[in-house]
Amino acid sequence: MKSEMLKYKKNGELPAKAGVYILLNDKNGKVYIGCSMDLRARIATHRSLLLSGKHHSQELQKAFNKDHLSVKVLAILPHANQFLLKEAELLFIQASPHIFPSGLINKRLLNYADYKG
């Protein structure tokens, strides 16, 4: 659906609250899981980097360039502090093999998923 594509999603359609989000490659089902105290601002930063061709993830950049990248908010946590937000992100990362069986795009988080706290 075009309205879910990161390239076309309007900032005002995203919550300016803390939460966990995914950037989903609609072609292969792989996801980038992230969290932010301000989802709207963080996703806007991803979009800006992708539009300029300067995103740190080549895999996300390729998906964006081919119109295969959509954005979805997984959880809104309006009263979360940074610690609780990271804990929520960790839960989604740990559950990712069951929720997103195609895999994670952000490889640096794979070790994070083994974190026991």
# chains A, B, ... in the order shown; residues from 1 in each chain; ligands from 1
>>> select_by_dssp(residues="chain A", states="alpha helix (DSSP H)", output="NGL selection string")
:A and (39-51 or 58-65 or 82-99 or 109-112)
>>> select_by_dssp(residues="chain A", states="strand (DSSP E or B)", output="VMD selection string")
chain A and resid 5 19 to 25 31 to 36 69 to 76 104
>>> write_last_selection(atoms="C-alpha atoms", output="PDB file, in the first residue's frame")
ATOM      1  CA  MET A   5       5.723   3.360   1.972  1.00  0.00           C
ATOM      2  CA  GLY A  19       7.815   3.900  20.717  1.00  0.00           C
ATOM      3  CA  VAL A  20       9.172   1.047  18.640  1.00  0.00           C
ATOM      4  CA  TYR A  21       8.975   0.982  14.836  1.00  0.00           C
ATOM      5  CA  ILE A  22      10.002  -1.178  11.928  1.00  0.00           C
ATOM      6  CA  LEU A  23      11.153  -0.388   8.438  1.00  0.00           C
ATOM      7  CA  LEU A  24       9.948  -3.328   6.372  1.00  0.00           C
ATOM      8  CA  ASN A  25      11.354  -4.465   3.060  1.00  0.00           C
ATOM      9  CA  VAL A  31      12.849  -5.668   8.950  1.00  0.00           C
ATOM     10  CA  TYR A  32      14.863  -2.956  10.611  1.00  0.00           C
ATOM     11  CA  ILE A  33      13.719  -2.588  14.236  1.00  0.00           C
ATOM     12  CA  GLY A  34      14.270   0.706  16.011  1.00  0.00           C
ATOM     13  CA  CYS A  35      13.028   2.805  18.879  1.00  0.00           C
ATOM     14  CA  SER A  36      12.917   6.492  19.634  1.00  0.00           C
ATOM     15  CA  LEU A  69      10.442   0.072   2.101  1.00  0.00           C
ATOM     16  CA  SER A  70       7.425   0.670   4.326  1.00  0.00           C
ATOM     17  CA  VAL A  71       7.183   1.952   7.885  1.00  0.00           C
ATOM     18  CA  LYS A  72       5.030   0.627  10.714  1.00  0.00           C
ATOM     19  CA  VAL A  73       4.743   1.618  14.355  1.00  0.00           C
ATOM     20  CA  LEU A  74       4.805  -1.506  16.526  1.00  0.00           C
ATOM     21  CA  ALA A  75       4.214   0.105  19.924  1.00  0.00           C
ATOM     22  CA  ILE A  76       3.620   3.562  21.340  1.00  0.00           C
ATOM     23  CA  LEU A 104      16.583  -8.492  10.589  1.00  0.00           C
TER      24      LEU A 104
END
>>> atom_distance(atom1="CA of Phe64 in chain A", atom2="CA of Ile43 in chain A")
13.0 Å
>>> residues_around(residues="Lys66 in chain A", least_positions_apart="2", cutoff="12 Å", atoms="only C-alpha atoms", output="ChimeraX atom specification")
/A:5-7,25-27,50-51,59-64,68-70
>>> atom_distance(atom1="CA of Asn106 in chain A", atom2="CA of Glu89 in chain A")
12.6 Å
